[in-house]
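Below is one structure, written out as structure tokens; the observations come after it.
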2 protein chains.
Amino acid sequence: MSSVKITSSFWGRYRDLVRREMIPYQWQVLNDIAGITIEKERDDANIPSEKSHAIENFKVAAGRVQGTHYGWTFQDSDVYKWLEAVAYSLREKMDPELEKNALAVIDLIEAAQEPDGYLDTYFSILGIEYRYQSLAGSHELYCMGHFIEAAVAYYTTTGNEKVLNIAKKCADNIDENFGPEEGKIHGYDGHEEIEIGLLRLYHITGEDRYLNLAKYFLTERGKHPDFFREQARKYKGPNALNWVANAPNTYFQNHAPISEQKTAEGHAVRVVYLCTALADLAATTGDEEIIKICRTLWDNIVDCRMFITGGIGSTVNGEAFTLDYDLPNDTMYCETCAAIGLMFFARQMLRIDPNGEYADVMERALYNCALAGMALDGKHFFYVNPLEVNPLKSKKDPAKSHVKPVRPSWLGCACCPPNLARMIASLDDFVYTINDNTILVNQYMDSDSLLDVGDGVVLIKQTTGFPWDEQAGLYVSNNSGVDVKIGVRIPSWSENFRIRVGGNLVEIDSKKGYHYIEVAPGSSVVIGVNFDMSVTRNYANPHVSEDVGRVAVSRGPLIYCLEGVDNGDDLNCLILPLNAHFEYRFDNNLLNGVGLLTTTGKRVHARSKSSLYTKERPSLKDVKLTFIPYYAWANRGENEMQVWIRE
Amino acid sequence: MSSVKITSSFWGRYRDLVRREMIPYQWQVLNDIAGITIEKERDDANIPSEKSHAIENFKVAAGRVQGTHYGWTFQDSDVYKWLEAVAYSLREKMDPELEKNALAVIDLIEAAQEPDGYLDTYFSILGIEYRYQSLAGSHELYCMGHFIEAAVAYYTTTGNEKVLNIAKKCADNIDENFGPEEGKIHGYDGHEEIEIGLLRLYHITGEDRYLNLAKYFLTERGKHPDFFREQARKYKGPNALNWVANAPNTYFQNHAPISEQKTAEGHAVRVVYLCTALADLAATTGDEEIIKICRTLWDNIVDCRMFITGGIGSTVNGEAFTLDYDLPNDTMYCETCAAIGLMFFARQMLRIDPNGEYADVMERALYNCALAGMALDGKHFFYVNPLEVNPLKSKKDPAKSHVKPVRPSWLGCACCPPNLARMIASLDDFVYTINDNTILVNQYMDSDSLLDVGDGVVLIKQTTGFPWDEQAGLYVSNNSGVDVKIGVRIPSWSENFRIRVGGNLVEIDSKKGYHYIEVAPGSSVVIGVNFDMSVTRNYANPHVSEDVGRVAVSRGPLIYCLEGVDNGDDLNCLILPLNAHFEYRFDNNLLNGVGLLTTTGKRVHARSKSSLYTKERPSLKDVKLTFIPYYAWANRGENEMQVWIRE
């Protein structure tokens with residue numbers, strides 16, 4: 001098994017936060033330990049958020065305590081995402097106390113599983129006879145998908161057979177109930193995820209029926225656009241978010257068979273989970289039709305529907321995509337989970353096609369939208385990641401009430417924080433892609449790795465100060481017994497990119513964003529990489545109405561923003577002149593250490609303050625502009641923030 | 001009685017439309033004549049809009065036919081607004097057929113009135129015992145207020161005593177049920193309007209108790225912020241929109257006593273109806289405290305919360321004000337009725353204070369937001385009047401679904417079209433303000449007027465090609481027997497304003513926006529006015545984030561806009577250069593005759609079309625820009641529109 005040990009101080013701090021803060025905190029939340037406050041992410045009386053009750057639900061389902069189910073239909077998934085994060089955390093660093101808790105949770109899950117393998121506390125408690133009958137909102141397969149992901153991760157780290165067996169039993173139950181055969185349900189879950197889980201289970205077990213079942217779910221989708229409504233009409237069981245069946249079909253990507261879907265439609269997280277599974281299936285089977293579908297959806301997202309931060313989802317209404325080039329900076333959704341899902345999608349695409357664009361987008365989503373989802377303290381989290389905020393408008397304009405100006409401490413619908421935890425804890429899985437004897441270096445990150453190639457290993461040691469420093473060193477030692485090609489990624493943001501092999505500058509030969517260096521068996525090589533981290537002005541396609549006449553400033557992979565605390569209020573009055581010269585300075589004492597950009601800009605100010613409309617053109621005065629990395633915003637209290645600044 | 005006969009060809013066309021199209025069309029709608037299609041203004045299953053049923057409700061309440069109530073709690077007001085428009089229309093031009101219909105309606109209303117004077121078909125049909133118990137949403141006093149307005153108008157035009165007596169009986173019933181005395185209800189309606197009606201009734205009858213009741217409603221408001229919720233809790237009657245009681249108190253201007261309200265909050269139409277009544281009360285009684293309240297709310301609206309079109313209401317959510325300087329151009333509400341209400345407010349303020357600002361705002365709202373509420377054919381109407389529209393976003397972004405790119409043919413909640421009809425039909429009431437011996441010329445409009453001053457009349461004949469031409473002639477003949485001062489308004493948009501008296505240029509002496517000319521009794525004078533209708537670039541206060549770096553173009557009172565049909569898509573890619581020179585041309589064949597502005601501008605276009613983000617600054621190319629008056633937009637099919645253009 002390949003191993004990537006991340007030694008980056010930048011990421012080390014986040015990974016420590018996951019281990020020391022997030023995983024223990026989530027454990028307390030899942031167990032309803034007194035004193036934990038759960039803040040609602042929306043003022044909606046229908047959101048169950050007084051407590052988590054997630055572990056308690058399992059105890060009730062297992063018959064260990066009396067009680068009933070509390071929380072969302074997808075409450076179980078909180079426990080599974082925690083368990084998955086624990087698996088990665090233990091991979092990074094063993095922790096007997098944490099392992100004890102994990103084993104107890106696995107025992108509890110086993111006890112809550114039905115004899116036939118079905119696993120979902122909601123229906124086990126509230127009416128097992130109603131299972132699989134309200135899939136629009138029941139999240140049964142979604143939850144089981146998350147369990148299978150957690151089980152595979154935990155088994156991979158620890159070799160624990162019990163958890164894998166629960167997962168197989170669970171997948172077998174699904175296989176018995178769903179499929180093209182007569183007597184089985186010809187349907188799928190309202191929220192894609194089981195497809196990812198089944199494919200991961202296939203990769204570990206080699207059992208074709210898990211692959212086939214994943215393929216069935218993926219290709220059946222959208223063939224019967226009335227599936228959810230027909231189920232909902234007949235349904236007599238407990239609530240189960242059954243009303244969700246009335247959502248437009250696009251919400252569930254159920255409006256057309258996937259082969260006919262040319263644009264990313266509906267709930268953004270659902271879309272990228274669907275795409276992640278599709279790309280895994282395509283990479284695994286080489287199915288050209290599926291590959292084409294993946295490329296079509298990828299291109300639509302990345303060329304037409306993605307914010308510059310890697311955020312996706314243009315409206316709070318259904319947390320959804322809207323239309324091409326509709327990227328409003330202050331009312332969008334840009335859910336943290338959706339950015340993480342886009343990273344998952346990108347990782348699978350790299351298995352299909354060694355194209356640097358996938359790694360670029362992965363990096364964009366990681367260092368910007370996803371990372372902005374958590375506070376520097378690891379205890380506060382955003383669901384929604386705006387590119388422009390005015391706290392007063394968030395309070396008084398109902399259309400912006402979902403856009404929080406600071407991160408709440410925990411969220412009623414707790415999907416994003418555990419998703420961040422499992423992503424950050426498994427960041428090592430995003431650094432390289434191994435395709436046969438080729439190793440793609442996707443992410444520059446200080447790390448020590450042993451990568452399985454041929455019958456041996458390739459050792460790669462990365463030394464870099466990424467994302468701040470302009471160079472990286474890769475020591476590669478090929479003990480695989482075969483010729484190995486190292487694909488050194490040329491980031492799209494790096495205008496002048498230089499590579500030294502053994503100290504000698506080489507001529508860059510970019511093949512779809514990678515420069516390949518061959519390393520013979522038994523040999524080693526030192527690769528030196530120089531990035532060009534000049535401050536960059538980014539322009540959006542002029543079809544993006546909101547961004548016309550504006551620039552977003554970036555340095556390396558980091559998108560920068562202005563905050564009120566540094567630049568005063570009314571950020572839209574600031575102008576970045578065409579000839580502005582930026583100074584870069586790393587400040588160790590600010591925001592846990594960040595690279596700051598400063599320059600001289602202009603500020604519009606009215607001569608006559610009181611009147612609303614005037615014939616006088618407002619005048620401009622020189623002001624200092626201070627930009628911080630977007631991921632670090634909203635860590636100094638409520639204030640305005642803006643990514644796209646007027647030029 | 002003073003009479004103002006409008007002879008303007010610009011307004012004549014609209015007034016003909018009201019008489020020939022709108023009033024007859026409304027009559028058909030109110031009577032559910034087959035073949036009339038009612039389009040919903042929103043996709044909301046709760047909106048009753050299959051038919052009007054408004055006349056039928058009266059027939060049921062009168063016991064003339066069997067049946068039940070259908071429609072909104074405020075369905076009666078459609079009939080009253082129609083009747084009020086008919087009154088003004090008959091004042092302009094007698095029409096026996098129309099009068100016959102009006103008299104039949106008055107008979108029907110009389111028959112539907114309860115013996116004790118109460119008048120509301122909803123409760124008369126569904127449960128009279130529940131009346132006055134659910135005032136948050138019942139609209140009982142709102143409807144009666146509209147009836148009283150209609151009755152006063154009809155009586156004033158025709159001398160019909162019957163309709164006035166129904167109104168007095170109605171007002172007396174309200175007086176018996178509401179007031180500070182023990183045993184009466186200490187409350188008010190959820191939607192202000194009765195206050196306006198009672199004051200108009202006072203002006204006609206001189207009955208102090210109507211004045212006092214209006215004052216009671218106005219000053220009681222907000223003293224018991226729980227009033228609506230307490231009523232709602234106890235209520236056992238029919239629906240009556242009782243749930244509206246759960247709205248925030250600001251929605252009803254019920255969050256604080258009016259003397260403590262420093263900002264315009266909540267539902268915009270409610271606010272301006274409240275203010276109209278407050279200003280009428282203040283003008284009538286001279287109450288300094290009420291005057292102060294009026295000024296405070298006026299200043300807040302006009303200095304901080306009004307769109308450049310005279311539209312108000314920054315959010316669809318509650319059709320409401322939000323906060324100072326929050327004026328989003330593409331998600332606002334800007335209801336047609338609210339702009340009309342702002343005109344009402346301005347007209348009352350002119351009675352308090354001869355300040356040109358009130359007439360300026362009246363003109364701004366009239367020629368822009370209000371007039372944009374109707375199509376050139378008089379058969380299609382906007383509720384919502386955006387300053388920027390992209391039809392694709394209206395279709396696909398739920399946050400913009402209320403923003404229609406073309407006017408629907410009729411509206412489920414039919415408040416705006418009849419409000420437009422009564423406003424346009426009574427436009428003569430907005431031209432002059434007579435304060436003792438002073439006549440303010442508020443609006444430039446071709447017209448022949450006989451104005452009551454002293455014991456005689458002052459004749460004023462206006463000859464102008466307003467709003468297109470740059471001059472107006474006023475022939476004033478003073479047959480009043482007293483010295484008269486004519487206040488000639490100096491529009492705020494006119495940079496160089498010239499007045500000739502008897503052909504001789506006079507030195508302008510502006511007193512709060514009016515230049516006064518004395519006319520001795522028995523004498524006459526010809527006043528020539530020259531406006532400066534240079535094309536103007538308007539800038540918003542830089543606190544208005546959406547408008548920073550943008551200009552709105554105007555000529556005279558008209559705000560101009562760009563439409564896609566003239567300028568292509570992606571209007572936000574257009575730039576108006578600082579040195580652009582405008583050409584003005586009146587086109588008789590376009591949009592019923594409009595003054596067009598053309599100039600050379602720039603269009604941003606991307607060099608590399610496909611990528612979403614690039615380091616390449618987009619280039620600019622010269623393009624012709626064609627501006628049309630804002631009121632005339634959306635008369636050539638669906639297309640983009642923009643008022644605030646990048647400079």
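If you're wondering about the labels, chains in the structure tokens are A, B, ... by order shown, residues count from 1 in each chain, ligands from 1 in order shown.
When DSSP reads the backbone of this structure, the residues of range 277-446 of chain A it assigns to strand (DSSP E) are Glu388, Val389, Tyr432, Thr433, Ile434, Asn435, Thr438, Ile439, Leu440 and Val441 of chain A.
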File dump, residues just selected, N, CA and C atoms, as a CSV table (one decimal), in the first residue's frame:
```
chain,number,residue,atom,x,y,z
A,388,GLU,N,-18.4,38.0,-1.8
A,388,GLU,CA,-18.6,39.4,-1.5
A,388,GLU,C,-19.7,39.4,-0.3
A,389,VAL,N,-19.4,40.1,0.7
A,389,VAL,CA,-20.3,40.1,1.9
A,389,VAL,C,-20.3,41.5,2.4
A,432,TYR,N,-0.7,12.6,-5.3
A,432,TYR,CA,-0.2,11.9,-6.5
A,432,TYR,C,-1.3,11.1,-7.1
A,433,THR,N,-1.2,10.9,-8.4
A,433,THR,CA,-2.0,9.9,-9.1
A,433,THR,C,-1.0,8.9,-9.7
A,434,ILE,N,-1.2,7.6,-9.5
A,434,ILE,CA,-0.3,6.6,-10.1
A,434,ILE,C,-1.1,5.9,-11.2
A,435,ASN,N,-0.7,6.1,-12.4
A,435,ASN,CA,-1.3,5.3,-13.5
A,435,ASN,C,-0.2,4.4,-14.1
A,438,THR,N,3.5,5.6,-14.3
A,438,THR,CA,3.6,7.1,-14.3
A,438,THR,C,3.0,7.6,-13.0
A,439,ILE,N,3.8,8.5,-12.4
A,439,ILE,CA,3.3,9.2,-11.2
A,439,ILE,C,3.1,10.6,-11.5
A,440,LEU,N,1.9,11.1,-11.4
A,440,LEU,CA,1.6,12.5,-11.5
A,440,LEU,C,1.8,13.2,-10.2
A,441,VAL,N,2.6,14.3,-10.2
A,441,VAL,CA,2.7,15.1,-9.0
A,441,VAL,C,1.6,16.2,-9.1
```
Could you work out which residues of chain A fall inside 6 Å of chain B? Count only C-alpha atoms, and format the result as a list in words.
Asp303, Thr322, Lys396, Asp397, Arg537, Asn538, Tyr539, Ala540, Asn541, Ser545, Asn572, Ser611, Leu612, Tyr613, Thr614 and Lys615 of chain A
Write out the residues from the selection above, keeping N, CA and C atoms, as a short mmCIF file (atom, residue, chain, number, x, y, z; two decimals), in the first residue's frame.
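Written output follows (result19.cif):
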```cif
data_model
loop_
_atom_site.label_atom_id
_atom_site.label_comp_id
_atom_site.auth_asym_id
_atom_site.auth_seq_id
_atom_site.Cartn_x
_atom_site.Cartn_y
_atom_site.Cartn_z
N ASP A 303 -15.85 25.45 -17.13
CA ASP A 303 -15.81 26.53 -18.12
C ASP A 303 -16.94 27.54 -17.97
N THR A 322 -27.47 27.20 -11.65
CA THR A 322 -28.57 27.91 -12.30
C THR A 322 -28.40 27.85 -13.82
N LYS A 396 -30.22 42.21 7.03
CA LYS A 396 -31.48 42.89 6.70
C LYS A 396 -32.07 42.54 5.34
N ASP A 397 -31.31 41.91 4.47
CA ASP A 397 -31.86 41.53 3.17
C ASP A 397 -32.11 40.02 3.20
N ARG A 537 -3.51 39.24 -11.95
CA ARG A 537 -4.86 39.78 -12.10
C ARG A 537 -5.66 38.79 -12.93
N ASN A 538 -6.75 38.33 -12.39
CA ASN A 538 -7.59 37.38 -13.10
C ASN A 538 -8.85 38.07 -13.60
N TYR A 539 -9.20 37.78 -14.83
CA TYR A 539 -10.41 38.35 -15.44
C TYR A 539 -11.38 37.22 -15.73
N ALA A 540 -12.65 37.51 -15.49
CA ALA A 540 -13.66 36.51 -15.82
C ALA A 540 -14.12 36.70 -17.26
N ASN A 541 -14.61 35.62 -17.84
CA ASN A 541 -15.25 35.71 -19.14
C ASN A 541 -16.33 36.81 -19.08
N SER A 545 -21.66 38.59 -15.95
CA SER A 545 -22.07 39.99 -15.79
C SER A 545 -21.49 40.61 -14.53
N ASN A 572 -16.75 48.20 -2.32
CA ASN A 572 -16.98 48.39 -3.75
C ASN A 572 -16.53 49.76 -4.23
N SER A 611 -26.84 63.66 -0.65
CA SER A 611 -27.84 63.35 -1.67
C SER A 611 -27.59 61.99 -2.31
N LEU A 612 -28.71 61.36 -2.66
CA LEU A 612 -28.62 59.98 -3.16
C LEU A 612 -28.17 59.96 -4.62
N TYR A 613 -28.67 60.90 -5.42
CA TYR A 613 -28.29 60.98 -6.83
C TYR A 613 -27.80 62.39 -7.13
N THR A 614 -26.76 62.45 -7.90
CA THR A 614 -26.16 63.75 -8.17
C THR A 614 -25.55 63.74 -9.57
N LYS A 615 -25.35 64.94 -10.10
CA LYS A 615 -24.69 65.03 -11.41
C LYS A 615 -23.17 65.06 -11.27
#
```
Residues near range 56-68 of chain B, anyone? I mean within 12 Å using only C-alpha atoms, not counting same-chain ones fewer than 5 positions away, as a short mmCIF file (atom, residue, chain, number, x, y, z; two decimals) with N, CA, C and O atoms, in the first residue's frame.
```
data_model
loop_
_atom_site.label_atom_id
_atom_site.label_comp_id
_atom_site.auth_asym_id
_atom_site.auth_seq_id
_atom_site.Cartn_x
_atom_site.Cartn_y
_atom_site.Cartn_z
N VAL B 29 -63.07 42.01 -16.32
CA VAL B 29 -62.41 41.13 -15.34
C VAL B 29 -63.27 41.04 -14.08
O VAL B 29 -63.53 39.95 -13.57
N LEU B 30 -63.70 42.19 -13.58
CA LEU B 30 -64.46 42.20 -12.33
C LEU B 30 -65.73 41.37 -12.45
O LEU B 30 -66.22 40.80 -11.48
N ASN B 31 -66.28 41.32 -13.68
CA ASN B 31 -67.52 40.58 -13.91
C ASN B 31 -67.30 39.19 -14.47
O ASN B 31 -68.25 38.53 -14.88
N ASP B 32 -66.05 38.75 -14.52
CA ASP B 32 -65.72 37.40 -14.99
C ASP B 32 -66.30 37.12 -16.38
O ASP B 32 -66.84 36.04 -16.64
N ILE B 33 -66.18 38.10 -17.26
CA ILE B 33 -66.62 37.89 -18.63
C ILE B 33 -65.72 36.83 -19.27
O ILE B 33 -64.50 36.88 -19.13
N LYS B 51 -60.15 33.49 -11.45
CA LYS B 51 -61.16 34.45 -11.89
C LYS B 51 -61.14 35.57 -10.88
O LYS B 51 -60.55 35.44 -9.81
N THR B 73 -58.77 38.48 0.49
CA THR B 73 -59.56 39.25 1.46
C THR B 73 -59.74 40.68 0.96
O THR B 73 -60.65 41.37 1.39
N PHE B 74 -58.87 41.10 0.06
CA PHE B 74 -58.97 42.48 -0.42
C PHE B 74 -59.57 42.55 -1.84
O PHE B 74 -59.36 43.52 -2.54
N GLN B 75 -60.33 41.51 -2.20
CA GLN B 75 -60.90 41.47 -3.55
C GLN B 75 -61.84 42.67 -3.79
O GLN B 75 -61.87 43.21 -4.89
N ASP B 76 -62.59 43.09 -2.74
CA ASP B 76 -63.52 44.23 -2.90
C ASP B 76 -62.81 45.48 -3.43
O ASP B 76 -63.40 46.27 -4.17
N SER B 77 -61.54 45.65 -3.02
CA SER B 77 -60.87 46.90 -3.36
C SER B 77 -60.68 47.05 -4.87
O SER B 77 -60.58 48.16 -5.38
N ASP B 78 -60.67 45.92 -5.59
CA ASP B 78 -60.58 46.02 -7.06
C ASP B 78 -61.78 46.79 -7.62
O ASP B 78 -61.63 47.60 -8.55
N VAL B 79 -62.93 46.49 -7.06
CA VAL B 79 -64.14 47.18 -7.52
C VAL B 79 -64.06 48.66 -7.17
O VAL B 79 -64.40 49.53 -7.99
N TYR B 80 -63.57 48.95 -5.97
CA TYR B 80 -63.52 50.35 -5.53
C TYR B 80 -62.52 51.16 -6.34
O TYR B 80 -62.76 52.32 -6.67
N ALA B 104 -74.95 51.22 -11.21
CA ALA B 104 -75.35 49.85 -10.86
C ALA B 104 -74.44 49.29 -9.78
O ALA B 104 -74.89 48.60 -8.85
N VAL B 105 -73.16 49.58 -9.90
CA VAL B 105 -72.20 49.10 -8.90
C VAL B 105 -72.49 49.75 -7.55
O VAL B 105 -72.45 49.10 -6.49
N ILE B 106 -72.80 51.05 -7.57
CA ILE B 106 -73.10 51.74 -6.31
C ILE B 106 -74.35 51.13 -5.66
O ILE B 106 -74.37 50.89 -4.45
N ASP B 107 -75.35 50.83 -6.47
CA ASP B 107 -76.54 50.15 -5.94
C ASP B 107 -76.16 48.81 -5.30
O ASP B 107 -76.65 48.46 -4.23
N LEU B 108 -75.31 48.11 -6.00
CA LEU B 108 -74.91 46.79 -5.51
C LEU B 108 -74.14 46.91 -4.19
O LEU B 108 -74.35 46.12 -3.26
N ILE B 109 -73.27 47.89 -4.12
CA ILE B 109 -72.50 48.11 -2.89
C ILE B 109 -73.46 48.45 -1.74
O ILE B 109 -73.35 47.92 -0.63
N GLU B 110 -74.42 49.29 -2.05
CA GLU B 110 -75.40 49.65 -1.02
C GLU B 110 -76.14 48.41 -0.52
O GLU B 110 -76.36 48.23 0.68
N ALA B 111 -76.49 47.56 -1.47
CA ALA B 111 -77.22 46.34 -1.10
C ALA B 111 -76.36 45.40 -0.28
O ALA B 111 -76.86 44.63 0.55
N ALA B 112 -75.05 45.44 -0.52
CA ALA B 112 -74.15 44.53 0.19
C ALA B 112 -73.74 45.08 1.55
O ALA B 112 -73.18 44.36 2.39
N GLN B 113 -74.00 46.37 1.77
CA GLN B 113 -73.61 46.97 3.05
C GLN B 113 -74.51 46.42 4.16
O GLN B 113 -75.71 46.24 3.98
N GLU B 114 -73.90 46.13 5.31
CA GLU B 114 -74.68 45.65 6.45
C GLU B 114 -75.54 46.81 6.98
O GLU B 114 -75.18 47.98 6.82
N PRO B 115 -76.63 46.49 7.65
CA PRO B 115 -77.50 47.55 8.16
C PRO B 115 -76.76 48.56 9.05
O PRO B 115 -77.09 49.73 9.06
N TYR B 118 -71.31 48.46 8.19
CA TYR B 118 -70.13 47.63 7.87
C TYR B 118 -70.17 47.22 6.41
O TYR B 118 -71.24 46.88 5.89
N LEU B 119 -69.03 47.22 5.79
CA LEU B 119 -68.99 46.92 4.36
C LEU B 119 -67.76 46.09 4.04
O LEU B 119 -66.64 46.60 4.01
N ASP B 120 -67.97 44.81 3.84
CA ASP B 120 -66.86 43.93 3.44
C ASP B 120 -67.47 42.59 3.06
O ASP B 120 -68.03 41.89 3.91
N THR B 121 -67.38 42.23 1.78
CA THR B 121 -68.09 41.02 1.35
C THR B 121 -67.50 39.76 1.96
O THR B 121 -68.20 38.79 2.18
N TYR B 122 -66.18 39.80 2.25
CA TYR B 122 -65.54 38.58 2.77
C TYR B 122 -66.23 38.11 4.04
O TYR B 122 -66.65 36.96 4.17
N PHE B 123 -66.38 39.03 5.01
CA PHE B 123 -66.98 38.63 6.28
C PHE B 123 -68.50 38.59 6.22
O PHE B 123 -69.12 37.79 6.92
N SER B 124 -69.10 39.45 5.38
CA SER B 124 -70.55 39.37 5.24
C SER B 124 -70.95 37.99 4.74
O SER B 124 -71.96 37.44 5.16
N ILE B 125 -70.13 37.42 3.86
CA ILE B 125 -70.46 36.09 3.31
C ILE B 125 -69.98 34.98 4.24
O ILE B 125 -70.71 34.03 4.51
N LEU B 126 -68.77 35.10 4.75
CA LEU B 126 -68.15 33.95 5.43
C LEU B 126 -68.33 33.95 6.95
O LEU B 126 -68.00 32.96 7.61
N GLY B 127 -68.82 35.04 7.51
CA GLY B 127 -69.02 35.02 8.97
C GLY B 127 -68.88 36.42 9.55
O GLY B 127 -67.79 36.79 10.02
N ILE B 128 -69.97 37.14 9.56
CA ILE B 128 -69.96 38.52 10.03
C ILE B 128 -69.52 38.60 11.48
O ILE B 128 -68.96 39.61 11.93
#
```
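Using only C-alpha atoms, the contacts of Phe531 in chain B at a cut-off of 9 Å, with sequence neighbours closer than 6 positions omitted, comprise Asp469, Glu470, Gln471, Ala472, Ile490, Pro491, Trp493, Ser494, Glu495, Asn496, Phe497, Arg498, Ile499 and Gly556 of chain B.
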Which residues come within 6 Å of range 185-194 of chain A, counting only C-alpha atoms, excluding same-chain residues fewer than 6 positions away, as a PDB file with C-alpha atoms, in the first residue's frame?
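Listed below is the output, result_19.pdb:
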```pdb
ATOM      1  CA  LEU A 135     -35.921   7.478  -1.791  1.00  0.00           C
ATOM      2  CA  ALA A 136     -36.299  11.129  -2.819  1.00  0.00           C
ATOM      3  CA  GLY A 137     -35.608  12.298   0.702  1.00  0.00           C
ATOM      4  CA  LEU A 141     -28.582   4.662   0.237  1.00  0.00           C
ATOM      5  CA  TYR A 142     -26.751   7.933   0.799  1.00  0.00           C
ATOM      6  CA  GLY A 145     -22.776   4.850   0.905  1.00  0.00           C
ATOM      7  CA  PHE A 178     -32.146  -2.844  -6.469  1.00  0.00           C
ATOM      8  CA  GLY A 179     -31.348  -3.689 -10.044  1.00  0.00           C
ATOM      9  CA  PHE A 217     -27.521   3.216 -10.175  1.00  0.00           C
ATOM     10  CA  PHE A 252     -31.772  15.151  -8.159  1.00  0.00           C
ATOM     11  CA  ARG A 270     -25.353  15.876  -5.612  1.00  0.00           C
ATOM     12  CA  TYR A 273     -20.926  13.181  -6.045  1.00  0.00           C
ATOM     13  CA  LEU A 274     -22.622  11.788  -9.154  1.00  0.00           C
TER      14      LEU A 274
END
```
Find the residues around Leu591 in chain A up to 9 Å (only C-alpha atoms counted), leave out those fewer than 3 positions away in its own chain, and share them as a CSV table (one decimal) with C-alpha atoms, in the first residue's frame.
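Saved the output as part-v3.csv:
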```
chain,number,residue,atom,x,y,z
A,376,LEU,CA,-8.4,29.1,11.7
A,587,ASP,CA,3.4,38.2,8.2
A,588,ASN,CA,4.0,35.5,10.8
A,594,VAL,CA,-0.1,34.6,5.9
A,632,ALA,CA,-8.3,33.3,5.9
A,633,TRP,CA,-11.2,35.8,5.7
A,635,ASN,CA,-11.3,35.4,11.2
A,636,ARG,CA,-11.3,38.9,12.7
```
Find the residues near range 282-287 of chain B: any atom within 12 Å, counting only C-alpha atoms, skip ones fewer than 2 places away on the same chain, and give them as a PyMOL selection string.
chain B and resi 199-200+202-203+206+208+211-212+214-215+218+275-280+289-295+345-354+435
Would you save the residues of that selection, restricted to C-alpha atoms, as a compact mmCIF listing (two decimals), in the first residue's frame?
```
# COMPACT_ATOMS: atom_id res chain seq x y z
CA LEU B 199 -59.20 62.26 5.63
CA ARG B 200 -60.72 62.63 2.17
CA TYR B 202 -63.31 64.83 6.25
CA HIS B 203 -62.25 67.24 3.51
CA GLY B 206 -66.01 68.74 7.43
CA ASP B 208 -64.30 66.28 12.76
CA LEU B 211 -60.36 63.52 11.06
CA ASN B 212 -60.06 62.32 14.65
CA ALA B 214 -57.81 58.99 11.03
CA LYS B 215 -55.52 60.57 13.60
CA LEU B 218 -52.20 56.87 12.67
CA CYS B 275 -47.07 58.59 4.97
CA THR B 276 -49.70 59.97 2.60
CA ALA B 277 -52.24 59.98 5.40
CA LEU B 278 -49.75 61.40 7.89
CA ALA B 279 -48.89 64.23 5.53
CA ASP B 280 -52.54 64.96 4.78
CA GLU B 289 -44.94 66.74 15.52
CA ILE B 290 -46.68 64.98 12.64
CA ILE B 291 -44.93 67.28 10.15
CA LYS B 292 -41.61 66.25 11.66
CA ILE B 293 -42.45 62.58 11.33
CA CYS B 294 -43.40 63.11 7.68
CA ARG B 295 -40.14 64.90 6.96
CA PHE B 345 -47.08 61.25 -0.38
CA ALA B 346 -45.30 63.96 -2.38
CA ARG B 347 -48.59 65.66 -3.25
CA GLN B 348 -49.51 65.93 0.43
CA MET B 349 -46.04 67.19 1.35
CA LEU B 350 -46.46 70.07 -1.12
CA ARG B 351 -49.42 71.22 0.96
CA ILE B 352 -47.15 71.37 4.02
CA ASP B 353 -44.10 72.89 2.44
CA PRO B 354 -43.68 74.53 -0.99
CA ASN B 435 -51.95 77.12 -0.80
```
